[in-house]
Amino acid sequence: MKELILQLKENLTFVLISGLILAAIFLIAKFTERFLPGMRKVSPARRVCIIAVCSAIAAVLHMLDFPLLFIAPEFYKLDFSELPVMLCGFYLGPSAAVACEGVKILLKLLLKGTSTAFVGDFANFVVGCALVFPAAAIYHIKKTRKSAVWGLALGTIILTAFGSAFNGIYLLPKFSQLFGLPLDAIIGMGAKIHSGIHSVTTFVILAVAPLNLIKGVMISVLTLLLYKKIARPLFGVKE
């Protein structure tokens with residue numbers, strides 16, 4: 001905890017900006033729900049309980065992350081924490097998914113701290129929202145398997161495209177700045193895996209994009225397979 005507090009002080013500006021972005025994404029999700037016809041009405045207490053349970057499960061899954069060294073350098077890791085977040089979003093809507101994603105990151109930081117000066121944690125939140133926000137929004141337009149498939153497909157596309165661009169434009173330079181690690185050194189790590197990597201652009205295309213695509217597809221498939229089976233006993237969902 002002392003180490004986490006020290007890192008917070010050292011990277012206060014970055015943490016504050018991240019918090020503002022988190023709040024902005026939540027407000028956008030909340031505003032979007034005003035135009036979705038399929039939103040459920042649940043009591044505030046039930047809503048908080050569901051978000052809390054899903055966030056706790058997501059935090060545990062997040063800490064069980066693992067690298068895919070044949071695709072990207074080891075500081076890029078794959079996890080399945082978006083699965084309970086997606087289930088929460090399908091039941092309660094986009095704002096609940098965003099809230100669940102944010103609480104997941106906070107729980108992970110309290111339990112495990114950060115090894116990336118908060119850059120990786122911020123990236124996980126933003127990229128996770130890129131997947132669950134559109135998927136949950138599309139599903140709540142009309143709660144059918146077809147709309148779920150379309151929503152998950154759109155979320156995966158946005159995750160892959162936005163996540164890759166976000167890495168290249170902001171996250172990689174910020175990671176380099178906070179760690180004092182030259183971008184050329186990071187690109188060199190990617191070049192050891194893919195001979196075609198020689199710049200930030202080729203790094204995100206050949207390393208980051210495939211990792212995001214794999215994650216999006218796996219979370220989407222698991223959501224389609226498990227939502228009814230898990231949501232019925234957990235949420236009381238009947239559709």
# chains A, B, ... in the order shown; residues from 1 in each chain; ligands from 1

call {"tool": "residues_around", "arguments": {"residues": "Lys77 of chain A", "least_positions_apart": "2", "cutoff": "12 Å", "atoms": "only C-alpha atoms", "output": "PDB file with C-alpha atoms, in the first residue's frame"}}
result
ATOM      1  CA  HIS A  62      -7.506  -9.517 -14.197  1.00  0.00           C
ATOM      2  CA  MET A  63      -4.786 -10.603 -11.772  1.00  0.00           C
ATOM      3  CA  LEU A  64      -4.584 -13.959 -13.571  1.00  0.00           C
ATOM      4  CA  ASP A  65      -3.333 -12.295 -16.761  1.00  0.00           C
ATOM      5  CA  PHE A  66      -0.667 -13.922 -18.904  1.00  0.00           C
ATOM      6  CA  PRO A  67       1.511 -12.850 -21.852  1.00  0.00           C
ATOM      7  CA  LEU A  68       1.294 -14.207 -25.387  1.00  0.00           C
ATOM      8  CA  LEU A  69       4.994 -14.021 -26.147  1.00  0.00           C
ATOM      9  CA  PHE A  70       4.581 -15.205 -29.735  1.00  0.00           C
ATOM     10  CA  ILE A  71       2.468 -12.104 -30.474  1.00  0.00           C
ATOM     11  CA  ALA A  72       3.637  -9.202 -28.278  1.00  0.00           C
ATOM     12  CA  PRO A  73       6.302  -8.336 -25.651  1.00  0.00           C
ATOM     13  CA  GLU A  74       5.646  -9.690 -22.170  1.00  0.00           C
ATOM     14  CA  PHE A  75       4.366  -6.395 -20.726  1.00  0.00           C
ATOM     15  CA  ASP A  79      -6.865 -11.722 -19.381  1.00  0.00           C
ATOM     16  CA  PHE A  80     -10.550 -12.607 -19.259  1.00  0.00           C
ATOM     17  CA  SER A  81     -11.656  -9.887 -16.852  1.00  0.00           C
ATOM     18  CA  THR A 116       3.413  -0.145 -15.188  1.00  0.00           C
ATOM     19  CA  GLY A 120      -1.201  -0.471 -18.152  1.00  0.00           C
ATOM     20  CA  ASP A 121      -4.109  -0.131 -15.709  1.00  0.00           C
ATOM     21  CA  ALA A 123      -5.028   1.162 -20.850  1.00  0.00           C
ATOM     22  CA  ASN A 124      -6.918  -1.878 -19.572  1.00  0.00           C
ATOM     23  CA  ALA A 207       1.686  -6.891 -32.072  1.00  0.00           C
ATOM     24  CA  VAL A 208      -1.031  -4.835 -30.367  1.00  0.00           C
ATOM     25  CA  LEU A 211      -3.639  -9.285 -29.217  1.00  0.00           C
ATOM     26  CA  ASN A 212      -6.702  -7.031 -28.986  1.00  0.00           C
ATOM     27  CA  ILE A 214      -7.831 -12.319 -29.931  1.00  0.00           C
ATOM     28  CA  LYS A 215      -9.123 -10.885 -26.659  1.00  0.00           C
TER      29      LYS A 215
END

call {"tool": "select_by_dssp", "arguments": {"residues": "segment 24-234 of chain A", "states": "alpha helix (DSSP H)", "output": "PDB file with C-alpha atoms, in the first residue's frame"}}
result
ATOM      1  CA  ALA A  24     -16.277  11.291 -18.983  1.00  0.00           C
ATOM      2  CA  ILE A  25     -16.730   7.760 -20.357  1.00  0.00           C
ATOM      3  CA  PHE A  26     -19.209   6.959 -17.572  1.00  0.00           C
ATOM      4  CA  LEU A  27     -21.234  10.122 -18.256  1.00  0.00           C
ATOM      5  CA  ILE A  28     -21.317   9.361 -21.985  1.00  0.00           C
ATOM      6  CA  ALA A  29     -22.528   5.840 -21.230  1.00  0.00           C
ATOM      7  CA  LYS A  30     -25.187   7.188 -18.869  1.00  0.00           C
ATOM      8  CA  PHE A  31     -26.349   9.677 -21.504  1.00  0.00           C
ATOM      9  CA  THR A  32     -26.463   6.932 -24.158  1.00  0.00           C
ATOM     10  CA  PRO A  44     -30.207   0.999  -6.627  1.00  0.00           C
ATOM     11  CA  ALA A  45     -29.236  -1.577  -3.992  1.00  0.00           C
ATOM     12  CA  ARG A  46     -29.575  -4.471  -6.442  1.00  0.00           C
ATOM     13  CA  ARG A  47     -27.646  -2.530  -9.074  1.00  0.00           C
ATOM     14  CA  VAL A  48     -24.774  -1.832  -6.663  1.00  0.00           C
ATOM     15  CA  CYS A  49     -24.682  -5.471  -5.538  1.00  0.00           C
ATOM     16  CA  ILE A  50     -24.519  -6.800  -9.105  1.00  0.00           C
ATOM     17  CA  ILE A  51     -21.769  -4.349 -10.097  1.00  0.00           C
ATOM     18  CA  ALA A  52     -19.826  -5.206  -6.932  1.00  0.00           C
ATOM     19  CA  VAL A  53     -20.021  -8.975  -7.514  1.00  0.00           C
ATOM     20  CA  CYS A  54     -19.062  -8.698 -11.184  1.00  0.00           C
ATOM     21  CA  SER A  55     -16.237  -6.268 -10.370  1.00  0.00           C
ATOM     22  CA  ALA A  56     -14.798  -8.614  -7.741  1.00  0.00           C
ATOM     23  CA  ILE A  57     -14.817 -11.553 -10.155  1.00  0.00           C
ATOM     24  CA  ALA A  58     -13.308  -9.359 -12.872  1.00  0.00           C
ATOM     25  CA  ALA A  59     -10.522  -8.166 -10.546  1.00  0.00           C
ATOM     26  CA  VAL A  60      -9.544 -11.757  -9.760  1.00  0.00           C
ATOM     27  CA  LEU A  61      -9.513 -12.654 -13.460  1.00  0.00           C
ATOM     28  CA  HIS A  62      -7.506  -9.517 -14.197  1.00  0.00           C
ATOM     29  CA  MET A  63      -4.786 -10.603 -11.772  1.00  0.00           C
ATOM     30  CA  GLU A  82     -13.986  -8.325 -19.426  1.00  0.00           C
ATOM     31  CA  LEU A  83     -16.232 -11.409 -19.326  1.00  0.00           C
ATOM     32  CA  PRO A  84     -18.015 -10.601 -16.014  1.00  0.00           C
ATOM     33  CA  VAL A  85     -17.970  -6.924 -17.023  1.00  0.00           C
ATOM     34  CA  MET A  86     -19.737  -7.840 -20.267  1.00  0.00           C
ATOM     35  CA  LEU A  87     -22.314  -9.957 -18.411  1.00  0.00           C
ATOM     36  CA  CYS A  88     -22.962  -7.003 -16.101  1.00  0.00           C
ATOM     37  CA  GLY A  89     -23.335  -4.688 -19.109  1.00  0.00           C
ATOM     38  CA  PHE A  90     -25.731  -7.027 -20.884  1.00  0.00           C
ATOM     39  CA  TYR A  91     -27.942  -7.086 -17.798  1.00  0.00           C
ATOM     40  CA  LEU A  92     -27.736  -3.493 -16.536  1.00  0.00           C
ATOM     41  CA  PRO A  94     -23.420   0.463 -20.687  1.00  0.00           C
ATOM     42  CA  SER A  95     -22.985   2.685 -17.621  1.00  0.00           C
ATOM     43  CA  ALA A  96     -22.960  -0.347 -15.327  1.00  0.00           C
ATOM     44  CA  ALA A  97     -20.334  -1.957 -17.558  1.00  0.00           C
ATOM     45  CA  VAL A  98     -18.151   1.162 -17.384  1.00  0.00           C
ATOM     46  CA  ALA A  99     -18.597   1.374 -13.604  1.00  0.00           C
ATOM     47  CA  CYS A 100     -17.766  -2.318 -13.271  1.00  0.00           C
ATOM     48  CA  GLU A 101     -14.645  -1.846 -15.400  1.00  0.00           C
ATOM     49  CA  GLY A 102     -13.525   1.061 -13.232  1.00  0.00           C
ATOM     50  CA  VAL A 103     -14.122  -0.741  -9.924  1.00  0.00           C
ATOM     51  CA  LYS A 104     -12.253  -3.751 -11.306  1.00  0.00           C
ATOM     52  CA  ILE A 105      -9.158  -1.617 -11.874  1.00  0.00           C
ATOM     53  CA  LEU A 106      -9.408  -0.020  -8.412  1.00  0.00           C
ATOM     54  CA  LEU A 107      -9.682  -3.433  -6.748  1.00  0.00           C
ATOM     55  CA  LYS A 108      -6.726  -4.746  -8.726  1.00  0.00           C
ATOM     56  CA  LEU A 109      -4.615  -1.739  -7.702  1.00  0.00           C
ATOM     57  CA  LEU A 110      -5.523  -2.194  -4.023  1.00  0.00           C
ATOM     58  CA  LEU A 111      -4.799  -5.917  -4.102  1.00  0.00           C
ATOM     59  CA  LYS A 112      -1.784  -6.056  -6.384  1.00  0.00           C
ATOM     60  CA  VAL A 119      -0.249   3.181 -17.719  1.00  0.00           C
ATOM     61  CA  GLY A 120      -1.201  -0.471 -18.152  1.00  0.00           C
ATOM     62  CA  ASP A 121      -4.109  -0.131 -15.709  1.00  0.00           C
ATOM     63  CA  PHE A 122      -5.432   2.937 -17.509  1.00  0.00           C
ATOM     64  CA  ALA A 123      -5.028   1.162 -20.850  1.00  0.00           C
ATOM     65  CA  ASN A 124      -6.918  -1.878 -19.572  1.00  0.00           C
ATOM     66  CA  PHE A 125      -9.811   0.336 -18.489  1.00  0.00           C
ATOM     67  CA  VAL A 126     -10.082   2.370 -21.683  1.00  0.00           C
ATOM     68  CA  VAL A 127      -9.593  -0.578 -24.034  1.00  0.00           C
ATOM     69  CA  GLY A 128     -11.997  -2.669 -21.953  1.00  0.00           C
ATOM     70  CA  CYS A 129     -14.654   0.049 -22.256  1.00  0.00           C
ATOM     71  CA  ALA A 130     -14.072   0.108 -26.020  1.00  0.00           C
ATOM     72  CA  LEU A 131     -15.261  -3.504 -26.051  1.00  0.00           C
ATOM     73  CA  VAL A 132     -18.071  -3.607 -23.469  1.00  0.00           C
ATOM     74  CA  PHE A 133     -19.653  -0.165 -24.007  1.00  0.00           C
ATOM     75  CA  PRO A 134     -20.766  -0.623 -27.646  1.00  0.00           C
ATOM     76  CA  ALA A 135     -21.641  -4.291 -27.133  1.00  0.00           C
ATOM     77  CA  ALA A 136     -23.921  -3.535 -24.173  1.00  0.00           C
ATOM     78  CA  ALA A 137     -25.494  -0.548 -25.954  1.00  0.00           C
ATOM     79  CA  ILE A 138     -26.339  -2.523 -29.110  1.00  0.00           C
ATOM     80  CA  TYR A 139     -27.736  -5.405 -27.062  1.00  0.00           C
ATOM     81  CA  ARG A 145     -29.081 -13.240 -29.854  1.00  0.00           C
ATOM     82  CA  LYS A 146     -28.664 -11.483 -33.198  1.00  0.00           C
ATOM     83  CA  SER A 147     -28.222  -8.060 -31.590  1.00  0.00           C
ATOM     84  CA  ALA A 148     -25.829  -9.609 -29.069  1.00  0.00           C
ATOM     85  CA  VAL A 149     -23.711 -10.969 -31.924  1.00  0.00           C
ATOM     86  CA  TRP A 150     -23.746  -7.628 -33.729  1.00  0.00           C
ATOM     87  CA  GLY A 151     -22.885  -5.753 -30.546  1.00  0.00           C
ATOM     88  CA  LEU A 152     -20.016  -8.072 -29.679  1.00  0.00           C
ATOM     89  CA  ALA A 153     -18.702  -7.901 -33.238  1.00  0.00           C
ATOM     90  CA  LEU A 154     -18.808  -4.092 -33.192  1.00  0.00           C
ATOM     91  CA  GLY A 155     -17.137  -4.036 -29.776  1.00  0.00           C
ATOM     92  CA  THR A 156     -14.357  -6.318 -31.022  1.00  0.00           C
ATOM     93  CA  ILE A 157     -13.767  -4.129 -34.081  1.00  0.00           C
ATOM     94  CA  ILE A 158     -13.640  -0.957 -31.960  1.00  0.00           C
ATOM     95  CA  LEU A 159     -11.397  -2.670 -29.412  1.00  0.00           C
ATOM     96  CA  THR A 160      -8.957  -3.717 -32.130  1.00  0.00           C
ATOM     97  CA  ALA A 161      -8.926  -0.438 -34.050  1.00  0.00           C
ATOM     98  CA  PHE A 162      -9.168   2.055 -31.186  1.00  0.00           C
ATOM     99  CA  GLY A 163      -6.978   0.031 -28.825  1.00  0.00           C
ATOM    100  CA  SER A 164      -4.205  -0.138 -31.406  1.00  0.00           C
ATOM    101  CA  ALA A 165      -4.407   3.562 -32.297  1.00  0.00           C
ATOM    102  CA  PHE A 166      -4.591   4.554 -28.623  1.00  0.00           C
ATOM    103  CA  LEU A 172       3.452   3.792 -25.763  1.00  0.00           C
ATOM    104  CA  PRO A 173       4.907   7.335 -25.591  1.00  0.00           C
ATOM    105  CA  LYS A 174       3.539   7.751 -22.044  1.00  0.00           C
ATOM    106  CA  PHE A 175       4.940   4.369 -20.979  1.00  0.00           C
ATOM    107  CA  SER A 176       8.294   5.378 -22.464  1.00  0.00           C
ATOM    108  CA  GLN A 177       8.201   8.723 -20.636  1.00  0.00           C
ATOM    109  CA  LEU A 178       7.228   7.395 -17.199  1.00  0.00           C
ATOM    110  CA  PHE A 179       9.689   4.501 -17.289  1.00  0.00           C
ATOM    111  CA  LEU A 183      10.593   4.062 -27.776  1.00  0.00           C
ATOM    112  CA  ASP A 184      13.282   2.456 -29.905  1.00  0.00           C
ATOM    113  CA  ALA A 185      13.922  -0.037 -27.111  1.00  0.00           C
ATOM    114  CA  ILE A 186      10.214  -0.928 -26.959  1.00  0.00           C
ATOM    115  CA  ILE A 187      10.098  -1.316 -30.731  1.00  0.00           C
ATOM    116  CA  GLY A 188      13.188  -3.496 -30.460  1.00  0.00           C
ATOM    117  CA  MET A 189      11.307  -5.838 -28.113  1.00  0.00           C
ATOM    118  CA  GLY A 190       8.630  -6.213 -30.749  1.00  0.00           C
ATOM    119  CA  ALA A 191      11.198  -6.736 -33.493  1.00  0.00           C
ATOM    120  CA  VAL A 200       5.485   2.451 -33.678  1.00  0.00           C
ATOM    121  CA  THR A 201       3.010   1.930 -36.527  1.00  0.00           C
ATOM    122  CA  THR A 202       4.234  -1.560 -37.376  1.00  0.00           C
ATOM    123  CA  PHE A 203       4.425  -2.354 -33.643  1.00  0.00           C
ATOM    124  CA  ALA A 209      -3.855  -5.278 -32.907  1.00  0.00           C
ATOM    125  CA  PRO A 210      -3.660  -9.115 -33.027  1.00  0.00           C
ATOM    126  CA  LEU A 211      -3.639  -9.285 -29.217  1.00  0.00           C
ATOM    127  CA  ASN A 212      -6.702  -7.031 -28.986  1.00  0.00           C
ATOM    128  CA  LEU A 213      -8.469  -9.012 -31.701  1.00  0.00           C
ATOM    129  CA  ILE A 214      -7.831 -12.319 -29.931  1.00  0.00           C
ATOM    130  CA  LYS A 215      -9.123 -10.885 -26.659  1.00  0.00           C
ATOM    131  CA  GLY A 216     -12.250  -9.436 -28.274  1.00  0.00           C
ATOM    132  CA  VAL A 217     -13.107 -12.681 -30.067  1.00  0.00           C
ATOM    133  CA  MET A 218     -12.536 -14.835 -26.988  1.00  0.00           C
ATOM    134  CA  ILE A 219     -14.614 -12.599 -24.692  1.00  0.00           C
ATOM    135  CA  SER A 220     -17.379 -12.444 -27.323  1.00  0.00           C
ATOM    136  CA  VAL A 221     -17.541 -16.213 -27.777  1.00  0.00           C
ATOM    137  CA  LEU A 222     -17.534 -16.832 -24.014  1.00  0.00           C
ATOM    138  CA  THR A 223     -20.288 -14.231 -23.527  1.00  0.00           C
ATOM    139  CA  LEU A 224     -22.512 -15.888 -26.120  1.00  0.00           C
ATOM    140  CA  LEU A 225     -21.902 -19.310 -24.596  1.00  0.00           C
ATOM    141  CA  LEU A 226     -22.316 -18.344 -20.943  1.00  0.00           C
ATOM    142  CA  TYR A 227     -24.696 -15.377 -20.689  1.00  0.00           C
ATOM    143  CA  LYS A 228     -27.946 -17.322 -20.447  1.00  0.00           C
ATOM    144  CA  LYS A 229     -26.450 -20.066 -18.296  1.00  0.00           C
ATOM    145  CA  ILE A 230     -24.902 -17.645 -15.822  1.00  0.00           C
ATOM    146  CA  ALA A 231     -27.365 -14.751 -16.045  1.00  0.00           C
ATOM    147  CA  ARG A 232     -30.449 -16.848 -15.351  1.00  0.00           C
ATOM    148  CA  PRO A 233     -29.421 -17.987 -11.851  1.00  0.00           C
ATOM    149  CA  LEU A 234     -27.391 -14.846 -11.068  1.00  0.00           C
TER     150      LEU A 234
END

call {"tool": "atom_distance", "arguments": {"atom1": "atom CA of Leu36 of chain A", "atom2": "atom CA of Ile141 of chain A"}}
result
5.4 Å

call {"tool": "closest_residue", "arguments": {"among": "A:Phe118, A:Gly93, A:Tyr76, A:Arg34", "to": "Ile17 of chain A", "atoms": "only C-alpha atoms"}}
result
A:Phe118

call {"tool": "select_by_dssp", "arguments": {"residues": "segment 53-90 of chain A", "states": "strand (DSSP E)", "output": "CSV table (one decimal) with N, CA and C atoms, in the first residue's frame"}}
result
chain,number,residue,atom,x,y,z
A,66,PHE,N,-1.8,-13.2,-18.4
A,66,PHE,CA,-0.7,-13.9,-18.9
A,66,PHE,C,-0.3,-13.4,-20.3
A,67,PRO,N,1.0,-13.4,-20.6
A,67,PRO,CA,1.5,-12.9,-21.9
A,67,PRO,C,1.3,-13.9,-23.0
A,77,LYS,N,-0.4,-8.2,-21.8
A,77,LYS,CA,-0.9,-9.4,-21.3
A,77,LYS,C,-2.4,-9.6,-21.6
A,78,LEU,N,-2.8,-10.9,-21.7
A,78,LEU,CA,-4.2,-11.2,-22.0
A,78,LEU,C,-4.8,-11.7,-20.7
